[in-house]
Each structure stands twice: as C-alpha cells, then as structure tokens.
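As stored in structure-v4.json (JSON, C-alpha atoms (C1' of nucleotides)):
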```json
[["chain", "number", "residue", "atom", "x", "y", "z"],
["A", 1, "MET", "CA", -18.90, -0.63, -20.82],
["A", 2, "GLU", "CA", -16.03, 1.76, -21.43],
["A", 3, "GLY", "CA", -14.12, 0.72, -18.32],
["A", 4, "LEU", "CA", -12.38, 2.57, -15.54],
["A", 5, "THR", "CA", -9.19, 4.55, -16.04],
["A", 6, "ILE", "CA", -6.25, 3.97, -13.75],
["A", 7, "GLY", "CA", -7.00, 7.24, -11.97],
["A", 8, "GLU", "CA", -10.61, 6.25, -11.29],
["A", 9, "VAL", "CA", -9.61, 2.86, -9.91],
["A", 10, "ALA", "CA", -6.88, 4.44, -7.80],
["A", 11, "ASN", "CA", -9.34, 6.94, -6.34],
["A", 12, "ARG", "CA", -11.91, 4.33, -5.51],
["A", 13, "VAL", "CA", -9.52, 2.03, -3.68],
["A", 14, "GLY", "CA", -7.48, 4.80, -2.11],
["A", 15, "VAL", "CA", -4.09, 4.16, -3.70],
["A", 16, "GLN", "CA", -1.91, 5.99, -6.20],
["A", 17, "PRO", "CA", -2.03, 5.07, -9.88],
["A", 18, "SER", "CA", 1.64, 4.14, -9.58],
["A", 19, "ALA", "CA", 0.72, 1.43, -7.07],
["A", 20, "LEU", "CA", -1.58, -0.18, -9.64],
["A", 21, "ARG", "CA", 1.18, -0.15, -12.25],
["A", 22, "TYR", "CA", 3.47, -1.66, -9.66],
["A", 23, "TYR", "CA", 0.97, -4.45, -8.86],
["A", 24, "GLU", "CA", 0.76, -5.20, -12.55],
["A", 25, "SER", "CA", 4.53, -5.35, -12.94],
["A", 26, "ALA", "CA", 4.72, -7.49, -9.80],
["A", 27, "GLY", "CA", 2.25, -9.96, -11.28],
["A", 28, "ILE", "CA", -0.60, -9.63, -8.78],
["A", 29, "LEU", "CA", -2.89, -7.61, -11.04],
["A", 30, "GLU", "CA", -3.62, -8.68, -14.58],
["A", 31, "ALA", "CA", -2.80, -6.25, -17.37],
["A", 32, "PRO", "CA", -6.11, -4.74, -18.50],
["A", 33, "ARG", "CA", -7.05, -3.86, -22.06],
["A", 34, "ARG", "CA", -5.85, -0.59, -23.52],
["A", 35, "VAL", "CA", -7.52, 2.34, -25.26],
["A", 36, "ASN", "CA", -4.98, 4.55, -26.99],
["A", 37, "GLY", "CA", -2.32, 2.94, -24.90],
["A", 38, "GLN", "CA", -4.16, 3.73, -21.67],
["A", 39, "ARG", "CA", -5.35, 1.07, -19.23],
["A", 40, "ARG", "CA", -9.10, 0.45, -18.97],
["A", 41, "TYR", "CA", -10.19, -1.65, -16.02],
["A", 42, "ASP", "CA", -13.26, -3.75, -15.46],
["A", 43, "VAL", "CA", -15.13, -3.09, -12.19],
["A", 44, "THR", "CA", -14.15, -6.55, -10.98],
["A", 45, "VAL", "CA", -10.68, -5.13, -10.42],
["A", 46, "LEU", "CA", -12.10, -3.40, -7.34],
["A", 47, "ASN", "CA", -12.80, -6.76, -5.70],
["A", 48, "GLN", "CA", -9.36, -8.01, -6.60],
["A", 49, "LEU", "CA", -7.76, -4.93, -5.10],
["A", 50, "ALA", "CA", -9.81, -5.35, -1.92],
["A", 51, "ILE", "CA", -8.30, -8.79, -1.53],
["A", 52, "ILE", "CA", -4.80, -7.57, -2.23],
["A", 53, "GLN", "CA", -5.17, -4.84, 0.37],
["A", 54, "THR", "CA", -6.62, -7.21, 2.94],
["A", 55, "ALA", "CA", -3.87, -9.74, 2.35],
["A", 56, "GLN", "CA", -1.26, -7.03, 2.76],
["A", 57, "ARG", "CA", -2.77, -5.83, 6.02],
["A", 58, "LEU", "CA", -2.53, -9.41, 7.25],
["A", 59, "GLY", "CA", 1.17, -9.48, 6.51],
["A", 60, "PHE", "CA", 1.21, -11.31, 3.18],
["A", 61, "THR", "CA", 3.98, -10.18, 0.89],
["A", 62, "VAL", "CA", 3.37, -9.42, -2.76],
["A", 63, "ALA", "CA", 5.26, -12.59, -3.66],
["A", 64, "GLU", "CA", 2.97, -14.64, -1.41],
["A", 65, "ILE", "CA", -0.15, -13.06, -2.85],
["A", 66, "ARG", "CA", 1.07, -13.93, -6.31],
["A", 67, "THR", "CA", 1.73, -17.52, -5.33],
["A", 68, "LEU", "CA", -1.52, -17.94, -3.42],
["A", 69, "PHE", "CA", -3.84, -16.45, -6.02],
["A", 70, "TYR", "CA", -2.05, -17.04, -9.29],
["A", 71, "GLY", "CA", 0.63, -19.51, -8.35],
["A", 72, "PHE", "CA", -1.14, -22.81, -8.76],
["A", 73, "GLU", "CA", -0.17, -23.09, -12.38],
["A", 74, "ALA", "CA", 3.32, -21.67, -11.86],
["A", 75, "ALA", "CA", 4.15, -23.96, -8.93],
["A", 76, "THR", "CA", 5.73, -26.25, -11.42],
["A", 77, "PRO", "CA", 6.58, -29.63, -9.85],
["A", 78, "ALA", "CA", 3.27, -30.06, -8.13],
["A", 79, "SER", "CA", 0.66, -27.63, -6.97],
["A", 80, "THR", "CA", 1.36, -29.28, -3.65],
["A", 81, "ARG", "CA", 4.00, -26.71, -2.92],
["A", 82, "TRP", "CA", 1.47, -23.98, -3.36],
["A", 83, "GLN", "CA", -1.09, -25.78, -1.23],
["A", 84, "THR", "CA", 1.56, -26.12, 1.44],
["A", 85, "LEU", "CA", 1.93, -22.33, 1.41],
["A", 86, "ALA", "CA", -1.82, -21.92, 1.73],
["A", 87, "GLN", "CA", -1.83, -24.30, 4.67],
["A", 88, "SER", "CA", 1.06, -22.65, 6.47],
["A", 89, "LYS", "CA", -0.50, -19.23, 5.88],
["A", 90, "LEU", "CA", -3.67, -20.54, 7.47],
["A", 91, "ILE", "CA", -1.73, -21.53, 10.55],
["A", 92, "GLU", "CA", 0.00, -18.16, 10.63],
["A", 93, "LEU", "CA", -3.36, -16.44, 10.36],
["A", 94, "GLU", "CA", -4.69, -18.34, 13.34],
["A", 95, "ALA", "CA", -1.64, -17.30, 15.37],
["A", 96, "LEU", "CA", -2.14, -13.74, 14.19],
["A", 97, "ILE", "CA", -5.72, -13.74, 15.40],
["A", 98, "ARG", "CA", -4.72, -15.08, 18.82],
["A", 99, "GLN", "CA", -2.01, -12.45, 19.17],
["A", 100, "ALA", "CA", -4.37, -9.74, 18.05],
["A", 101, "GLN", "CA", -6.81, -10.71, 20.79],
["A", 102, "LYS", "CA", -4.05, -10.47, 23.38],
["A", 103, "MET", "CA", -2.84, -7.15, 22.06],
["A", 104, "LYS", "CA", -6.41, -5.90, 22.21],
["A", 105, "GLU", "CA", -6.48, -6.64, 25.91],
["A", 106, "MET", "CA", -3.19, -4.85, 26.40],
["A", 107, "LEU", "CA", -4.43, -1.76, 24.59],
["A", 108, "LYS", "CA", -7.59, -1.78, 26.65],
["A", 109, "GLU", "CA", -5.47, -1.78, 29.79],
["A", 110, "ILE", "CA", -3.46, 1.13, 28.45],
["A", 111, "GLU", "CA", -6.65, 2.98, 27.65],
["A", 112, "LYS", "CA", -8.00, 2.47, 31.15],
["A", 113, "CYS", "CA", -5.15, 3.62, 33.33],
["A", 114, "GLY", "CA", -2.58, 5.21, 31.08],
["A", 115, "CYS", "CA", 0.08, 4.03, 33.48],
["A", 116, "LEU", "CA", 1.05, 0.81, 31.79],
["A", 117, "ASN", "CA", 4.54, 0.43, 30.42],
["A", 118, "LEU", "CA", 6.25, -2.15, 28.28],
["A", 119, "GLU", "CA", 7.48, -4.06, 31.28],
["A", 120, "GLU", "CA", 4.05, -4.44, 32.87],
["A", 121, "CYS", "CA", 2.61, -5.41, 29.51],
["A", 122, "GLY", "CA", 5.23, -8.12, 29.36],
["A", 123, "GLN", "CA", 3.62, -9.77, 32.37],
["A", 124, "LEU", "CA", 0.27, -9.57, 30.64],
["A", 125, "LEU", "CA", 1.58, -11.23, 27.52],
["A", 126, "LYS", "CA", 3.58, -13.81, 29.43],
["A", 127, "GLN", "CA", 0.84, -16.18, 30.53],
["A", 128, "SER", "CA", -0.32, -18.46, 27.71],
["A", 129, "ASP", "CA", 2.26, -17.10, 25.33],
["A", 130, "ASN", "CA", 2.12, -17.19, 21.55],
["B", 1, "MET", "CA", 22.41, -11.27, 38.69],
["B", 2, "GLU", "CA", 25.08, -10.67, 36.09],
["B", 3, "GLY", "CA", 22.64, -10.05, 33.29],
["B", 4, "LEU", "CA", 22.31, -11.27, 29.73],
["B", 5, "THR", "CA", 24.67, -10.21, 26.98],
["B", 6, "ILE", "CA", 23.26, -8.91, 23.73],
["B", 7, "GLY", "CA", 24.10, -12.19, 22.04],
["B", 8, "GLU", "CA", 22.25, -14.23, 24.64],
["B", 9, "VAL", "CA", 19.16, -12.06, 24.38],
["B", 10, "ALA", "CA", 19.30, -12.14, 20.60],
["B", 11, "ASN", "CA", 19.54, -15.94, 20.64],
["B", 12, "ARG", "CA", 16.63, -16.35, 23.01],
["B", 13, "VAL", "CA", 14.24, -14.14, 21.06],
["B", 14, "GLY", "CA", 15.49, -15.19, 17.64],
["B", 15, "VAL", "CA", 16.83, -11.91, 16.31],
["B", 16, "GLN", "CA", 20.27, -10.54, 15.50],
["B", 17, "PRO", "CA", 22.17, -8.46, 18.02],
["B", 18, "SER", "CA", 22.04, -5.61, 15.52],
["B", 19, "ALA", "CA", 18.24, -5.61, 15.77],
["B", 20, "LEU", "CA", 18.47, -5.01, 19.52],
["B", 21, "ARG", "CA", 20.86, -2.10, 19.00],
["B", 22, "TYR", "CA", 18.45, -0.77, 16.42],
["B", 23, "TYR", "CA", 15.49, -1.00, 18.81],
["B", 24, "GLU", "CA", 17.51, 0.89, 21.37],
["B", 25, "SER", "CA", 18.43, 3.62, 18.91],
["B", 26, "ALA", "CA", 14.80, 3.74, 17.76],
["B", 27, "GLY", "CA", 13.64, 4.30, 21.31],
["B", 28, "ILE", "CA", 11.56, 1.17, 21.83],
["B", 29, "LEU", "CA", 14.07, -0.62, 24.06],
["B", 30, "GLU", "CA", 15.68, 1.08, 27.02],
["B", 31, "ALA", "CA", 19.46, 1.27, 27.12],
["B", 32, "PRO", "CA", 20.62, -1.34, 29.63],
["B", 33, "ARG", "CA", 23.53, -0.99, 32.01],
["B", 34, "ARG", "CA", 27.06, -1.65, 30.78],
["B", 35, "VAL", "CA", 29.94, -3.82, 31.88],
["B", 36, "ASN", "CA", 33.17, -2.82, 30.20],
["B", 37, "GLY", "CA", 31.11, -0.93, 27.67],
["B", 38, "GLN", "CA", 29.03, -4.02, 26.86],
["B", 39, "ARG", "CA", 25.28, -4.18, 27.33],
["B", 40, "ARG", "CA", 23.92, -6.36, 30.14],
["B", 41, "TYR", "CA", 20.18, -7.01, 30.00],
["B", 42, "ASP", "CA", 17.73, -7.96, 32.70],
["B", 43, "VAL", "CA", 15.54, -10.98, 31.91],
["B", 44, "THR", "CA", 12.49, -8.69, 31.78],
["B", 45, "VAL", "CA", 13.78, -7.54, 28.40],
["B", 46, "LEU", "CA", 12.55, -10.86, 27.03],
["B", 47, "ASN", "CA", 8.96, -9.93, 27.85],
["B", 48, "GLN", "CA", 9.41, -6.51, 26.32],
["B", 49, "LEU", "CA", 10.79, -8.04, 23.16],
["B", 50, "ALA", "CA", 7.87, -10.45, 22.99],
["B", 51, "ILE", "CA", 5.53, -7.48, 22.92],
["B", 52, "ILE", "CA", 7.57, -5.67, 20.32],
["B", 53, "GLN", "CA", 7.53, -8.73, 18.08],
["B", 54, "THR", "CA", 3.82, -9.27, 18.53],
["B", 55, "ALA", "CA", 3.06, -5.63, 17.83],
["B", 56, "GLN", "CA", 5.15, -5.80, 14.66],
["B", 57, "ARG", "CA", 3.37, -8.91, 13.45],
["B", 58, "LEU", "CA", 0.12, -7.03, 13.91],
["B", 59, "GLY", "CA", 1.31, -4.26, 11.66],
["B", 60, "PHE", "CA", 2.40, -1.68, 14.24],
["B", 61, "THR", "CA", 5.35, 0.40, 13.10],
["B", 62, "VAL", "CA", 8.30, 1.08, 15.38],
["B", 63, "ALA", "CA", 7.11, 4.67, 15.72],
["B", 64, "GLU", "CA", 3.69, 3.49, 16.86],
["B", 65, "ILE", "CA", 5.17, 1.08, 19.36],
["B", 66, "ARG", "CA", 7.25, 3.90, 20.79],
["B", 67, "THR", "CA", 4.21, 6.14, 21.14],
["B", 68, "LEU", "CA", 1.98, 3.43, 22.55],
["B", 69, "PHE", "CA", 4.38, 2.12, 25.17],
["B", 70, "TYR", "CA", 6.62, 5.05, 25.96],
["B", 71, "GLY", "CA", 4.72, 7.98, 24.52],
["B", 72, "PHE", "CA", 2.60, 9.03, 27.44],
["B", 73, "GLU", "CA", 5.22, 11.28, 28.93],
["B", 74, "ALA", "CA", 6.41, 12.62, 25.59],
["B", 75, "ALA", "CA", 2.88, 13.34, 24.31],
["B", 76, "THR", "CA", 3.36, 16.80, 25.63],
["B", 77, "PRO", "CA", 0.08, 18.75, 25.60],
["B", 78, "ALA", "CA", -2.00, 15.96, 27.03],
["B", 79, "SER", "CA", -1.51, 12.22, 27.18],
["B", 80, "THR", "CA", -4.97, 12.28, 25.59],
["B", 81, "ARG", "CA", -3.37, 12.30, 22.18],
["B", 82, "TRP", "CA", -1.58, 9.14, 23.03],
["B", 83, "GLN", "CA", -4.74, 7.55, 24.41],
["B", 84, "THR", "CA", -6.46, 8.46, 21.17],
["B", 85, "LEU", "CA", -3.81, 6.48, 19.33],
["B", 86, "ALA", "CA", -4.40, 3.51, 21.61],
["B", 87, "GLN", "CA", -8.12, 3.74, 20.91],
["B", 88, "SER", "CA", -7.74, 3.97, 17.15],
["B", 89, "LYS", "CA", -5.28, 1.09, 17.21],
["B", 90, "LEU", "CA", -7.87, -0.94, 19.11],
["B", 91, "ILE", "CA", -10.37, -0.29, 16.35],
["B", 92, "GLU", "CA", -7.80, -1.21, 13.71],
["B", 93, "LEU", "CA", -7.05, -4.42, 15.58],
["B", 94, "GLU", "CA", -10.70, -5.38, 15.61],
["B", 95, "ALA", "CA", -10.89, -4.79, 11.87],
["B", 96, "LEU", "CA", -7.71, -6.84, 11.44],
["B", 97, "ILE", "CA", -9.25, -9.74, 13.31],
["B", 98, "ARG", "CA", -12.40, -9.64, 11.20],
["B", 99, "GLN", "CA", -10.34, -9.56, 8.01],
["B", 100, "ALA", "CA", -8.17, -12.39, 9.21],
["B", 101, "GLN", "CA", -11.27, -14.53, 9.78],
["B", 102, "LYS", "CA", -12.44, -13.83, 6.26],
["B", 103, "MET", "CA", -9.05, -14.51, 4.78],
["B", 104, "LYS", "CA", -8.98, -17.79, 6.67],
["B", 105, "GLU", "CA", -12.18, -18.82, 4.92],
["B", 106, "MET", "CA", -10.73, -17.86, 1.57],
["B", 107, "LEU", "CA", -7.59, -19.90, 2.17],
["B", 108, "LYS", "CA", -9.67, -22.87, 3.23],
["B", 109, "GLU", "CA", -11.57, -22.64, -0.04],
["B", 110, "ILE", "CA", -8.30, -22.47, -1.93],
["B", 111, "GLU", "CA", -7.01, -25.46, -0.03],
["B", 112, "LYS", "CA", -10.10, -27.48, -0.84],
["B", 113, "CYS", "CA", -10.41, -27.06, -4.57],
["B", 114, "GLY", "CA", -7.27, -25.31, -5.75],
["B", 115, "CYS", "CA", -9.31, -23.74, -8.51],
["B", 116, "LEU", "CA", -10.00, -20.42, -6.88],
["B", 117, "ASN", "CA", -8.63, -17.28, -8.43],
["B", 118, "LEU", "CA", -8.51, -13.68, -7.35],
["B", 119, "GLU", "CA", -11.72, -12.85, -9.19],
["B", 120, "GLU", "CA", -13.75, -15.60, -7.56],
["B", 121, "CYS", "CA", -12.29, -14.66, -4.19],
["B", 122, "GLY", "CA", -13.54, -11.16, -4.85],
["B", 123, "GLN", "CA", -17.08, -12.48, -4.85],
["B", 124, "LEU", "CA", -16.38, -14.28, -1.59],
["B", 125, "LEU", "CA", -15.10, -11.13, 0.05],
["B", 126, "LYS", "CA", -17.88, -8.99, -1.38],
["B", 127, "GLN", "CA", -20.77, -9.90, 0.89],
["B", 128, "SER", "CA", -20.46, -8.28, 4.32],
["B", 129, "ASP", "CA", -17.41, -6.31, 3.32],
["B", 130, "ASN", "CA", -14.66, -5.00, 5.61],
["C", 1, "DG", "C1'", 51.98, -13.45, 23.86],
["C", 2, "DT", "C1'", 48.73, -14.22, 20.61],
["C", 3, "DA", "C1'", 44.68, -15.83, 18.41],
["C", 4, "DA", "C1'", 39.79, -16.54, 18.64],
["C", 5, "DT", "C1'", 35.39, -14.91, 20.15],
["C", 6, "DA", "C1'", 32.07, -11.58, 21.40],
["C", 7, "DG", "C1'", 31.28, -7.22, 22.15],
["C", 8, "DT", "C1'", 31.56, -1.69, 20.64],
["C", 9, "DT", "C1'", 30.47, 2.49, 17.18],
["C", 10, "DA", "C1'", 29.28, 5.05, 12.94],
["C", 11, "DA", "C1'", 28.09, 4.71, 8.48],
["C", 12, "DA", "C1'", 26.87, 2.49, 4.42],
["C", 13, "DG", "C1'", 24.09, -1.17, 2.27],
["C", 14, "DT", "C1'", 19.66, -4.03, 1.54],
["C", 15, "DG", "C1'", 14.91, -5.65, 0.19],
["C", 16, "DA", "C1'", 10.19, -4.68, -0.04],
["C", 17, "DA", "C1'", 6.76, -1.78, -1.71],
["C", 18, "DC", "C1'", 6.01, 1.85, -3.61],
["C", 19, "DT", "C1'", 6.67, 7.08, -5.33],
["C", 20, "DT", "C1'", 8.80, 10.51, -7.97],
["C", 21, "DT", "C1'", 10.92, 12.27, -11.98],
["C", 22, "DA", "C1'", 11.70, 13.05, -16.80],
["C", 23, "DA", "C1'", 10.23, 12.99, -21.18],
["C", 24, "DG", "C1'", 6.62, 12.07, -23.98],
["C", 25, "DT", "C1'", 1.42, 10.98, -25.95],
["C", 26, "DC", "C1'", -3.44, 11.91, -26.41],
["C", 27, "DA", "C1'", -8.22, 14.05, -26.13],
["C", 28, "DA", "C1'", -11.14, 17.73, -24.72],
["C", 29, "DG", "C1'", -12.15, 22.68, -23.92],
["C", 30, "DA", "C1'", -11.40, 28.03, -24.64],
["D", 1, "DT", "C1'", -4.31, 26.25, -31.94],
["D", 2, "DC", "C1'", -2.83, 25.64, -27.73],
["D", 3, "DT", "C1'", -2.98, 24.48, -23.23],
["D", 4, "DT", "C1'", -4.68, 21.67, -19.50],
["D", 5, "DG", "C1'", -5.11, 17.29, -17.45],
["D", 6, "DA", "C1'", -4.62, 12.53, -17.34],
["D", 7, "DC", "C1'", -2.37, 9.07, -19.14],
["D", 8, "DT", "C1'", 2.36, 6.38, -20.84],
["D", 9, "DT", "C1'", 7.35, 4.33, -19.85],
["D", 10, "DA", "C1'", 11.91, 3.59, -17.69],
["D", 11, "DA", "C1'", 14.71, 4.65, -14.19],
["D", 12, "DA", "C1'", 15.98, 6.74, -10.06],
["D", 13, "DG", "C1'", 14.59, 7.92, -5.36],
["D", 14, "DT", "C1'", 12.26, 7.06, -0.67],
["D", 15, "DT", "C1'", 10.97, 4.85, 3.73],
["D", 16, "DC", "C1'", 11.09, 1.28, 6.97],
["D", 17, "DA", "C1'", 13.40, -2.02, 9.56],
["D", 18, "DC", "C1'", 17.09, -3.86, 9.77],
["D", 19, "DT", "C1'", 22.01, -5.91, 8.33],
["D", 20, "DT", "C1'", 26.65, -5.47, 6.99],
["D", 21, "DT", "C1'", 31.09, -3.44, 7.11],
["D", 22, "DA", "C1'", 35.17, -1.38, 9.00],
["D", 23, "DA", "C1'", 37.88, -0.38, 12.61],
["D", 24, "DC", "C1'", 38.36, -1.10, 17.26],
["D", 25, "DT", "C1'", 38.29, -3.16, 22.45],
["D", 26, "DA", "C1'", 38.08, -6.69, 25.94],
["D", 27, "DT", "C1'", 38.05, -11.56, 27.72],
["D", 28, "DT", "C1'", 39.26, -16.33, 27.44],
["D", 29, "DA", "C1'", 42.09, -20.47, 25.66],
["D", 30, "DC", "C1'", 46.34, -22.13, 24.43]]
```
Is it possible to express this structure as structure tokens?
Amino acid sequence: MEGLTIGEVANRVGVQPSALRYYESAGILEAPRRVNGQRRYDVTVLNQLAIIQTAQRLGFTVAEIRTLFYGFEAATPASTRWQTLAQSKLIELEALIRQAQKMKEMLKEIEKCGCLNLEECGQLLKQSDN
Amino acid sequence: MEGLTIGEVANRVGVQPSALRYYESAGILEAPRRVNGQRRYDVTVLNQLAIIQTAQRLGFTVAEIRTLFYGFEAATPASTRWQTLAQSKLIELEALIRQAQKMKEMLKEIEKCGCLNLEECGQLLKQSDN
DNA sequence: GTAATAGTTAAAGTGAACTTTAAGTCAAGA
DNA sequence: TCTTGACTTAAAGTTCACTTTAACTATTAC
C-alpha cells in the first residue's frame, strides 16, 4: 500500500529515474502522490510505462503520446482533431508493419549469404514499394 | 548518362540536399563521382535511399545501417559479428511487428469510444505482453 | 558583364529525449 | 551523531540526425 519509489519503478521498467521525472514534466505520466516530498507510484504506473515504451519504439513522439492518451480533453475545438491523429497514426502503423515485413526479408537475405549490399537490397525493396 | 544532381535526388526522395551530404559523411551513402566538383548520382541511389529511409522508420540508427549494409568488410575479426547484428535486428523487427499489431488494436479502441486513457490501455496491453 | 541559381566546404546551430550536475533534504544504520 | 544512500529541484550538458550559415565557385539568362 506504501507505493513504489521512483528508483524501484525505474529499475522495473529499465529506465533512469530522470526519465520518469522527464515524462512527468512532459505530461505523459501523471504526478504521483508524495511522501516527504518523494514520489510514490502505484503499480499501475508499470502498465502505463509499458505503453509509453511501446509507443516510442513504434516511432510516436512524446507530444503524440500526450495527445493520443491524454489529449482528448485538451484538443479544444473538437476532439475530432485528436481522433484524426489516432486515425492517421493507425495508417502509419499499417505502413510500418508492411515495411517491417520487407525489411525482415532483406535481413534474412543478408543472414544467408553475407554478400548483399545496399544496391542489391534496393532491387529487393523496389517491387511493390512502400 | 549524365547523372542526377544532389538537388534532383533530394527532390525525388523528399529530403534536403544537406541530408544527402550528411549520409555520405556518415558512411551510409557512397561518395558519387564529381563534375566540376559537384556530385552526380546514378539512379540506383534512389533505391539505396529508399532502404535507408525504411530502416530509419523502423528504428535503425545510422550507425546500425552502416554496419548492416556496409559493415561486413569492416567487421574485422569475423563478419560473424556483423551477422549477429543482422540476426538480433531480425528478432527486434519481429517484436516490433507484434507490438505494432497490439498498438493498432489500442488505437482502434481509442477511435471507437474516445474514452480510453493510459490506465485502461495498460489493461489491454497486459494480457499476452510483449 | 553581371545577376540569379545551384552547387561546394567547414562549422555552428537545432529539436527531441533524456542525462548529468550542483546543491540540498530526509530516513535508516553503525 | 554522522554518514550513507536515495530522493528533491533547476539548469546545463549530451547524442542523434540533421539544418543553417558563411564564404565561395561554376553555369545559365539577360
């Protein structure tokens, strides 16, 4: 019930405490309660951080994460703007997956023969581009 | 036969000429021939740039691209080290694809109801993690 | 001839996402 | 008590991938 310190959270998710303070200042991690001025986190923060890390690996910026997960009240005129971002990110994700599949094939080729160079790979990527 | 100028290449691939000079200095784009001191590129450079851009979208750093596509002669002791990188990148790519699928589902949820927040998403991501 | 346009280099500047530093607080253990 | 370790803040520093700037050259249009 006491909560996790910043160091414990950092250890569990594999980041530095300073990164967690940065996420808080950047508005993608809510400020937790304090004990003697020190942050005490609920375990649910671990799930939230998993999402943040996943989103980052997929190329989402901190600003986009903030908009996507907290932005629907801040997207002032209409939450439409925020939904538009979600939609366009969906499309980007689908393109990312397709490209990742193609890159996988290229890496497998490299693994096989070791004689592939950028130019040959270009041919591989050329058909059915993007 | 005359070749493409840096500006023409930049226009076609949608980057600034300075980016191409940077790639060259970073060792991921070979120095082309010169005419009056100016770079003249072969059309094959367009394929190479397509790969570079794809690799970057997938989270590869410039250093990794250099090692993966040009590193097999520089990986001095054995090109095994470089093949190991290709293998580990393959594994990372597969993880990336899985995460992208999951993130897609999350964004679809967001799109549907607009009431999702980071904490609820955490639950979504929790089952069958990573 | 001269002005505009596109290229050249080296070096400094930029934005994103953190990290490090400096100076301080707080609680537990010897 | 005092020192060790983990926390606090604000501000400066770092890395990556470029971009911008400054000073210059070369080609084309008038």
Counting only C-alpha atoms (C1' of nucleotides), which residues sit no farther than 10 Å from the position (6.7, 9.5, -23.2) in the file's frame? I'd like them as a ChimeraX atom specification.
/C:22-25 /D:7-10
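Distance-wise, atom CA of A:Gln99 and atom C1' of C:DA16 end up 24.0 Å apart.
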Proximity of chain D to chain B: per-residue shortest pair, 12 Å limit, only C-alpha atoms (C1' of nucleotides), as a Markdown table:
```
| residue | atom | partner | partner_atom | distance |
| --- | --- | --- | --- | --- |
| D:DT15 | C1' | B:Thr61 | CA | 11.8 |
| D:DC16 | C1' | B:Thr61 | CA | 8.4 |
| D:DA17 | C1' | B:Val62 | CA | 8.3 |
| D:DC18 | C1' | B:Ala19 | CA | 6.4 |
| D:DT19 | C1' | B:Ser18 | CA | 7.2 |
| D:DT20 | C1' | B:Ser18 | CA | 9.7 |
| D:DT25 | C1' | B:Gly37 | CA | 9.2 |
| D:DA26 | C1' | B:Asn36 | CA | 7.6 |
| D:DT27 | C1' | B:Asn36 | CA | 10.3 |
```
Expected answer as a list in words: chain C residues within 10 Å of chain A, only C-alpha atoms (C1' of nucleotides)
DA16, DA17, DC18, DT19, DT20, DT25 and DC26 of chain C
Enter the distance from atom CA of B:Met106 to atom CA of A:Arg57, in Å, rounded to one decimal.
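That distance, rounded to one decimal, is 15.1 Å.
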